[in-house]
Amino acid sequence: MIFGNTELYNSLLELGVIDKTLLTDAFEESKESGESLGELLLQRDLISDENLGMLVADILKVPFVRLEKMTLDREILEKVPEEMARARGIIVFKVDIEGTHVAMRNPNDLLSVTFLKKKIDGALKIYYATDRDIRNALFGYRKDVSAVFEEIINKHVGEAKAVESDTPIIKIVETMLIYAYQSRASDIHVEPMEDSTQVRFRIDGVLHDVISLPKNLEAQLVSRIKIMSSLPTDEHAMALDGKFEFEIPDMERVDVRVSILPSTNGERIVMRILAGNIQQFALLDLGFSDSDIKKVREAYSKPYGMVLATGPTGSGKTTTMYAFLKIMNKRNVNIMTIEDPVEYQIKGINQIQVNPKTNLTFAVGLKSIVRQDPNIILVGEIRDEETASIAVNASLTGHLVLSTLHTSDAATTVPRLLEMKIEPFLLASSVNLIVAQRLVRKICTSCRESEVVDAKMIKGEITDNLIKKFLEKSKDGVRLYKGKGCSVCRGTGYVGRVGIYEVMPMTEAIREAIMAKKDADEIKKIAVKEGMTTMLEDGLSKVKLGQTTVDELLRVIKE
């Protein structure tokens, strides 16, 4: 941090943007540990990287810039050599009639400012950008991924001969991982085809073709990933699961989970990238509305009970639970988790990995955790009757239990738990809150544009009442937004994802409905009557704000 923890603490205290108790707790820990207060606040999701950056820029009396929202031209970046940019935390992001615009992690670095004045002709405009934002922007110096792969292959591999050394294979795997991280990809797919090997990245929930590699590299590519994952290189006929750590230069160490499956054309690989910095989200960044945040905070502030997140695989349930845990993570509480797998390590939290080989199941692990004097327990997923029963009993005996289930919406969670033999009176007494969610892609802010479309074009899927209530309607039609495609979003029109939610607190009326064994439809009607916003309605409010599109919302809701 450019200035002391005390100055940042006093500024935040004066602004009142963070709960005083939570802020003071983080400040005291920063004094004891010597860590940056800013980093601690980010780790605990008490403030977003962008909001912290704006505050720091205000203290420094310089303008703030968010580089991730800008199109970075490589030619402009190279006005400062990459080595210097990395060493000093400098990004040249724009040149116009006002001069050369430069983002710095420390605008008070006089040595760097002097260098810039000598290096760059004309006026110089200095901005503050966060360290994390600058580190991500440094990826802009890299060449296009296809060009890098071709360069490696052309340098080391002849047209028809096999590779004689491991060097190009090592570089190809490293390049895959670095570019996937840079692209915010969650998964890398290596798919054997008849005459080539296709590499694809899953970005914002959608698979994108990246490069087609020569078939003669495939065997060594698979072997290299097996070696990194500590898997047998001579086994080609069975499914294999492994993991490894990889260091992204100048960024962080990421965990990579590996799944290898034999197919008709060879061994198919999927690598899941578990990157810590991608998950630095506050509740507002996740997409919760102000009214829903209030409901969520009331639920996790209670000393006992259950908070449940529901939705299909890949809907962001784990991220939501981790966001809650980070906020509750204080020195005076004991937080324990049982997960399969442990996706992200959180400092100060005791995390346990399910291991069927040693009979450490969710149920067995949860029984043991209860004996470890926990205040808060995270159960990665409630999958069976035994786990559900133990979790409910733990929530009724003085523990706050967080967990996830696979249900389509908040209301259907009730019959799902009743199917698991949970008595209605226990369910009504134990659950504090149910959050159902999906993830929709966000419109790219660099190429977003608005248009007025005929309401008839969306009426088939969305009722007139919803259009009137949630969208901006005029005599000409409905105003909607879209991304036309640019270099930032790689022509897709979308960058990143945001959650759409329905947050159902356990009210007296819903408790009575559960006790009376009402079905999910009836429970949902009661919840809506009492103020619950459905996922479709929450999504439409984000469409109106220009955060996502109707097409994207309907695609996700229908899945």
# chains A, B, ... in the order shown; residues from 1 in each chain; ligands from 1

$ residues_around --residues "A:Leu60" --least-positions-apart "3" --cutoff "10 Å" --atoms "only C-alpha atoms" --output "PDB file with N, CA, C and O atoms, in the first residue's frame"
ATOM      1  N   ILE A   2       0.459   2.271  -0.715  1.00  0.00           N
ATOM      2  CA  ILE A   2       1.260   3.479  -0.883  1.00  0.00           C
ATOM      3  C   ILE A   2       1.367   4.262   0.415  1.00  0.00           C
ATOM      4  O   ILE A   2       2.356   4.905   0.688  1.00  0.00           O
ATOM      5  N   PHE A   3       0.328   4.201   1.225  1.00  0.00           N
ATOM      6  CA  PHE A   3       0.351   4.922   2.489  1.00  0.00           C
ATOM      7  C   PHE A   3      -0.012   3.940   3.594  1.00  0.00           C
ATOM      8  O   PHE A   3      -0.359   2.785   3.339  1.00  0.00           O
ATOM      9  N   MET A  54     -10.786   3.578  -5.921  1.00  0.00           N
ATOM     10  CA  MET A  54     -11.326   4.948  -5.986  1.00  0.00           C
ATOM     11  C   MET A  54     -11.009   5.717  -4.701  1.00  0.00           C
ATOM     12  O   MET A  54     -10.684   6.906  -4.743  1.00  0.00           O
ATOM     13  N   LEU A  55     -11.063   5.020  -3.560  1.00  0.00           N
ATOM     14  CA  LEU A  55     -10.763   5.661  -2.279  1.00  0.00           C
ATOM     15  C   LEU A  55      -9.286   6.053  -2.211  1.00  0.00           C
ATOM     16  O   LEU A  55      -8.950   7.176  -1.817  1.00  0.00           O
ATOM     17  N   VAL A  56      -8.405   5.135  -2.615  1.00  0.00           N
ATOM     18  CA  VAL A  56      -6.967   5.409  -2.595  1.00  0.00           C
ATOM     19  C   VAL A  56      -6.644   6.585  -3.518  1.00  0.00           C
ATOM     20  O   VAL A  56      -5.880   7.485  -3.161  1.00  0.00           O
ATOM     21  N   ALA A  57      -7.239   6.599  -4.720  1.00  0.00           N
ATOM     22  CA  ALA A  57      -7.001   7.689  -5.671  1.00  0.00           C
ATOM     23  C   ALA A  57      -7.448   9.031  -5.079  1.00  0.00           C
ATOM     24  O   ALA A  57      -6.780  10.056  -5.259  1.00  0.00           O
ATOM     25  N   PRO A  63      -6.597  11.147 -10.417  1.00  0.00           N
ATOM     26  CA  PRO A  63      -7.759  10.447 -10.980  1.00  0.00           C
ATOM     27  C   PRO A  63      -7.573   8.931 -10.918  1.00  0.00           C
ATOM     28  O   PRO A  63      -6.450   8.427 -10.944  1.00  0.00           O
ATOM     29  N   PHE A  64      -8.680   8.208 -10.838  1.00  0.00           N
ATOM     30  CA  PHE A  64      -8.664   6.737 -10.783  1.00  0.00           C
ATOM     31  C   PHE A  64      -9.066   6.175 -12.138  1.00  0.00           C
ATOM     32  O   PHE A  64      -9.933   6.721 -12.818  1.00  0.00           O
ATOM     33  N   ASN A 106       1.738   3.343  -8.052  1.00  0.00           N
ATOM     34  CA  ASN A 106       2.200   4.336  -7.076  1.00  0.00           C
ATOM     35  C   ASN A 106       2.507   5.655  -7.784  1.00  0.00           C
ATOM     36  O   ASN A 106       3.632   5.888  -8.233  1.00  0.00           O
ATOM     37  N   PRO A 107       1.507   6.527  -7.892  1.00  0.00           N
ATOM     38  CA  PRO A 107       1.721   7.816  -8.573  1.00  0.00           C
ATOM     39  C   PRO A 107       2.752   8.708  -7.872  1.00  0.00           C
ATOM     40  O   PRO A 107       3.205   9.688  -8.458  1.00  0.00           O
ATOM     41  N   ASN A 108       3.122   8.374  -6.626  1.00  0.00           N
ATOM     42  CA  ASN A 108       4.134   9.158  -5.902  1.00  0.00           C
ATOM     43  C   ASN A 108       5.557   8.683  -6.176  1.00  0.00           C
ATOM     44  O   ASN A 108       6.508   9.200  -5.584  1.00  0.00           O
ATOM     45  N   TYR A 127      -2.544   8.567 -13.577  1.00  0.00           N
ATOM     46  CA  TYR A 127      -3.719   8.021 -12.905  1.00  0.00           C
ATOM     47  C   TYR A 127      -3.272   6.973 -11.882  1.00  0.00           C
ATOM     48  O   TYR A 127      -2.168   6.414 -11.984  1.00  0.00           O
ATOM     49  N   TYR A 128      -4.165   6.675 -10.937  1.00  0.00           N
ATOM     50  CA  TYR A 128      -3.913   5.555 -10.033  1.00  0.00           C
ATOM     51  C   TYR A 128      -4.744   4.360 -10.489  1.00  0.00           C
ATOM     52  O   TYR A 128      -5.922   4.475 -10.820  1.00  0.00           O
TER      53      TYR A 128
END

$ closest_atom_pairs --of "stretch 161-223 of chain A" --to "stretch 253-257 of chain A" --cutoff "10 Å" --atoms "only C-alpha atoms" --output "JSON lines"
{"residue": "A:Leu177", "atom": "CA", "partner": "A:Val256", "partner_atom": "CA", "distance": 9.1}
{"residue": "A:Tyr181", "atom": "CA", "partner": "A:Val254", "partner_atom": "CA", "distance": 9.0}
{"residue": "A:Ser186", "atom": "CA", "partner": "A:Val256", "partner_atom": "CA", "distance": 9.9}
{"residue": "A:Asp187", "atom": "CA", "partner": "A:Val256", "partner_atom": "CA", "distance": 9.2}
{"residue": "A:Ile188", "atom": "CA", "partner": "A:Val256", "partner_atom": "CA", "distance": 9.9}

$ residues_around --residues "A:Ala394" --least-positions-apart "2" --cutoff "12 Å" --atoms "only C-alpha atoms" --output "mmCIF file with C-alpha atoms, in the first residue's frame"
data_model
loop_
_atom_site.group_PDB
_atom_site.id
_atom_site.type_symbol
_atom_site.label_atom_id
_atom_site.label_comp_id
_atom_site.auth_asym_id
_atom_site.auth_seq_id
_atom_site.Cartn_x
_atom_site.Cartn_y
_atom_site.Cartn_z
ATOM 1 C CA PRO A 303 -25.957 -17.419 15.653
ATOM 2 C CA TYR A 304 -27.627 -20.597 14.377
ATOM 3 C CA GLY A 305 -29.828 -21.936 11.590
ATOM 4 C CA MET A 306 -29.244 -22.850 7.928
ATOM 5 C CA ALA A 363 -21.895 -37.255 6.720
ATOM 6 C CA LEU A 366 -19.868 -33.396 9.461
ATOM 7 C CA LYS A 367 -20.310 -35.604 12.536
ATOM 8 C CA SER A 368 -16.647 -35.020 13.432
ATOM 9 C CA ILE A 369 -16.804 -31.273 12.737
ATOM 10 C CA VAL A 370 -19.673 -30.848 15.213
ATOM 11 C CA ARG A 371 -17.328 -32.192 17.920
ATOM 12 C CA ASP A 373 -16.544 -26.716 18.716
ATOM 13 C CA PRO A 374 -17.404 -24.791 15.524
ATOM 14 C CA ASN A 375 -19.468 -21.607 15.340
ATOM 15 C CA ILE A 376 -20.018 -21.793 11.565
ATOM 16 C CA ILE A 377 -20.033 -24.895 9.360
ATOM 17 C CA LEU A 378 -19.976 -25.067 5.555
ATOM 18 C CA VAL A 379 -21.159 -28.359 4.071
ATOM 19 C CA THR A 387 -25.977 -35.462 5.625
ATOM 20 C CA ALA A 388 -29.265 -33.522 5.552
ATOM 21 C CA SER A 389 -30.273 -34.871 8.970
ATOM 22 C CA ILE A 390 -26.928 -34.064 10.623
ATOM 23 C CA ALA A 391 -26.849 -30.571 9.042
ATOM 24 C CA VAL A 392 -30.368 -29.757 10.280
ATOM 25 C CA LEU A 396 -30.702 -26.416 15.743
ATOM 26 C CA THR A 397 -27.992 -26.891 18.371
ATOM 27 C CA GLY A 398 -26.245 -23.537 18.178
ATOM 28 C CA HIS A 399 -24.364 -23.705 14.853
ATOM 29 C CA LEU A 400 -24.780 -21.607 11.709
ATOM 30 C CA VAL A 401 -24.739 -24.077 8.798
ATOM 31 C CA LEU A 402 -24.161 -23.057 5.176
ATOM 32 C CA LEU A 426 -37.536 -29.374 11.859
ATOM 33 C CA SER A 430 -33.860 -24.716 11.072
ATOM 34 C CA VAL A 431 -33.765 -22.809 7.730
#

$ atom_distance --atom1 "atom CA of A:Val342" --atom2 "atom CA of A:Ser183"
23.1 Å

$ select_by_dssp --residues "stretch 29-129 of chain A" --states "alpha helix (DSSP H)" --output "PyMOL selection string"
chain A and resi 29-33+37-43+49-60+74-77+82-88+110-119

$ residues_around --residues "A:Ile338" --least-positions-apart "5" --cutoff "7 Å" --atoms "only C-alpha atoms" --output "mmCIF file with N, CA, C and O atoms, in the first residue's frame"
data_model
loop_
_atom_site.group_PDB
_atom_site.id
_atom_site.type_symbol
_atom_site.label_atom_id
_atom_site.label_comp_id
_atom_site.auth_asym_id
_atom_site.auth_seq_id
_atom_site.Cartn_x
_atom_site.Cartn_y
_atom_site.Cartn_z
ATOM 1 N N GLN A 351 -10.510 -26.091 6.527
ATOM 2 C CA GLN A 351 -11.193 -26.717 5.398
ATOM 3 C C GLN A 351 -10.796 -28.183 5.270
ATOM 4 O O GLN A 351 -9.602 -28.522 5.297
ATOM 5 N N ILE A 352 -11.791 -29.059 5.143
ATOM 6 C CA ILE A 352 -11.577 -30.502 5.091
ATOM 7 C C ILE A 352 -12.052 -31.034 3.747
ATOM 8 O O ILE A 352 -13.142 -30.685 3.278
ATOM 9 N N GLN A 353 -11.226 -31.879 3.143
ATOM 10 C CA GLN A 353 -11.535 -32.470 1.840
ATOM 11 C C GLN A 353 -12.202 -33.838 2.036
ATOM 12 O O GLN A 353 -11.696 -34.682 2.769
ATOM 13 N N VAL A 354 -13.359 -34.047 1.391
ATOM 14 C CA VAL A 354 -14.000 -35.358 1.397
ATOM 15 C C VAL A 354 -13.058 -36.384 0.775
ATOM 16 O O VAL A 354 -12.384 -36.098 -0.220
ATOM 17 N N PHE A 362 -19.279 -36.715 3.445
ATOM 18 C CA PHE A 362 -19.891 -35.511 4.003
ATOM 19 C C PHE A 362 -20.501 -35.806 5.373
ATOM 20 O O PHE A 362 -20.311 -35.054 6.333
ATOM 21 N N GLY A 365 -17.681 -36.694 7.987
ATOM 22 C CA GLY A 365 -16.917 -35.474 8.276
ATOM 23 C C GLY A 365 -17.719 -34.473 9.082
ATOM 24 O O GLY A 365 -17.207 -33.839 10.016
ATOM 25 N N LEU A 366 -19.011 -34.339 8.752
ATOM 26 C CA LEU A 366 -19.868 -33.396 9.461
ATOM 27 C C LEU A 366 -20.065 -33.808 10.915
ATOM 28 O O LEU A 366 -20.070 -32.964 11.825
ATOM 29 N N LEU A 378 -19.584 -25.011 6.966
ATOM 30 C CA LEU A 378 -19.976 -25.067 5.555
ATOM 31 C C LEU A 378 -19.947 -26.521 5.112
ATOM 32 O O LEU A 378 -18.906 -27.183 5.207
ATOM 33 N N VAL A 379 -21.075 -27.027 4.661
ATOM 34 C CA VAL A 379 -21.159 -28.359 4.071
ATOM 35 C C VAL A 379 -21.237 -28.150 2.565
ATOM 36 O O VAL A 379 -22.208 -27.558 2.067
ATOM 37 N N GLY A 380 -20.219 -28.596 1.848
ATOM 38 C CA GLY A 380 -20.140 -28.313 0.413
ATOM 39 C C GLY A 380 -21.415 -28.599 -0.349
ATOM 40 O O GLY A 380 -21.825 -27.825 -1.208
#

$ residues_around --residues "A:Thr407" --least-positions-apart "5" --cutoff "10 Å" --atoms "only C-alpha atoms" --output "list in words"
Ala309, Thr310, Gly311, Pro312, Thr412, Thr413, Val414, Pro415, Arg416, Ala436 and Gln437 of chain A

$ write_last_selection --atoms "N, CA, C and O atoms" --output "PDB file, in the first residue's frame"
ATOM      1  N   ALA A 309     -27.815 -22.311  -0.562  1.00  0.00           N
ATOM      2  CA  ALA A 309     -27.724 -21.802  -1.938  1.00  0.00           C
ATOM      3  C   ALA A 309     -28.102 -22.942  -2.870  1.00  0.00           C
ATOM      4  O   ALA A 309     -27.606 -24.067  -2.718  1.00  0.00           O
ATOM      5  N   THR A 310     -28.994 -22.685  -3.823  1.00  0.00           N
ATOM      6  CA  THR A 310     -29.452 -23.734  -4.727  1.00  0.00           C
ATOM      7  C   THR A 310     -29.310 -23.306  -6.180  1.00  0.00           C
ATOM      8  O   THR A 310     -29.291 -22.123  -6.496  1.00  0.00           O
ATOM      9  N   GLY A 311     -29.231 -24.302  -7.037  1.00  0.00           N
ATOM     10  CA  GLY A 311     -29.088 -24.046  -8.468  1.00  0.00           C
ATOM     11  C   GLY A 311     -28.349 -25.196  -9.115  1.00  0.00           C
ATOM     12  O   GLY A 311     -27.797 -26.063  -8.422  1.00  0.00           O
ATOM     13  N   PRO A 312     -28.298 -25.234 -10.447  1.00  0.00           N
ATOM     14  CA  PRO A 312     -27.577 -26.320 -11.135  1.00  0.00           C
ATOM     15  C   PRO A 312     -26.063 -26.178 -10.991  1.00  0.00           C
ATOM     16  O   PRO A 312     -25.571 -25.167 -10.499  1.00  0.00           O
ATOM     17  N   THR A 412     -38.617 -24.883  -4.439  1.00  0.00           N
ATOM     18  CA  THR A 412     -38.513 -26.341  -4.614  1.00  0.00           C
ATOM     19  C   THR A 412     -37.476 -26.963  -3.685  1.00  0.00           C
ATOM     20  O   THR A 412     -37.382 -28.184  -3.592  1.00  0.00           O
ATOM     21  N   THR A 413     -36.697 -26.131  -2.988  1.00  0.00           N
ATOM     22  CA  THR A 413     -35.754 -26.650  -1.993  1.00  0.00           C
ATOM     23  C   THR A 413     -36.509 -27.316  -0.837  1.00  0.00           C
ATOM     24  O   THR A 413     -36.028 -28.288  -0.254  1.00  0.00           O
ATOM     25  N   VAL A 414     -37.682 -26.795  -0.530  1.00  0.00           N
ATOM     26  CA  VAL A 414     -38.474 -27.332   0.594  1.00  0.00           C
ATOM     27  C   VAL A 414     -38.884 -28.784   0.336  1.00  0.00           C
ATOM     28  O   VAL A 414     -38.558 -29.676   1.137  1.00  0.00           O
ATOM     29  N   PRO A 415     -39.594 -29.093  -0.777  1.00  0.00           N
ATOM     30  CA  PRO A 415     -39.936 -30.504  -1.020  1.00  0.00           C
ATOM     31  C   PRO A 415     -38.713 -31.399  -1.190  1.00  0.00           C
ATOM     32  O   PRO A 415     -38.750 -32.582  -0.841  1.00  0.00           O
ATOM     33  N   ARG A 416     -37.613 -30.828  -1.706  1.00  0.00           N
ATOM     34  CA  ARG A 416     -36.385 -31.624  -1.862  1.00  0.00           C
ATOM     35  C   ARG A 416     -35.875 -32.097  -0.506  1.00  0.00           C
ATOM     36  O   ARG A 416     -35.492 -33.265  -0.341  1.00  0.00           O
ATOM     37  N   ALA A 436     -31.673 -18.991  -4.404  1.00  0.00           N
ATOM     38  CA  ALA A 436     -31.584 -19.702  -5.681  1.00  0.00           C
ATOM     39  C   ALA A 436     -30.897 -18.784  -6.682  1.00  0.00           C
ATOM     40  O   ALA A 436     -31.094 -17.569  -6.651  1.00  0.00           O
ATOM     41  N   GLN A 437     -30.076 -19.343  -7.570  1.00  0.00           N
ATOM     42  CA  GLN A 437     -29.303 -18.474  -8.452  1.00  0.00           C
ATOM     43  C   GLN A 437     -28.923 -19.119  -9.776  1.00  0.00           C
ATOM     44  O   GLN A 437     -28.960 -20.343  -9.937  1.00  0.00           O
TER      45      GLN A 437
END

$ residues_around --residues "A:Gly242" --least-positions-apart "4" --cutoff "7 Å" --atoms "only C-alpha atoms" --output "ChimeraX atom specification"
/A:229-231,257-259

$ select_by_dssp --residues "stretch 107-351 of chain A" --states "strand (DSSP E or B)" --output "count of residues only"
71

$ closest_residue --among "A:Leu540, A:Leu283, A:Glu150, A:Thr233" --to "A:Thr463" --atoms "only C-alpha atoms"
A:Leu540

$ closest_residue --among "A:Leu41, A:His406, A:Arg383, A:Thr445" --to "A:Glu29" --atoms "only C-alpha atoms"
A:Leu41
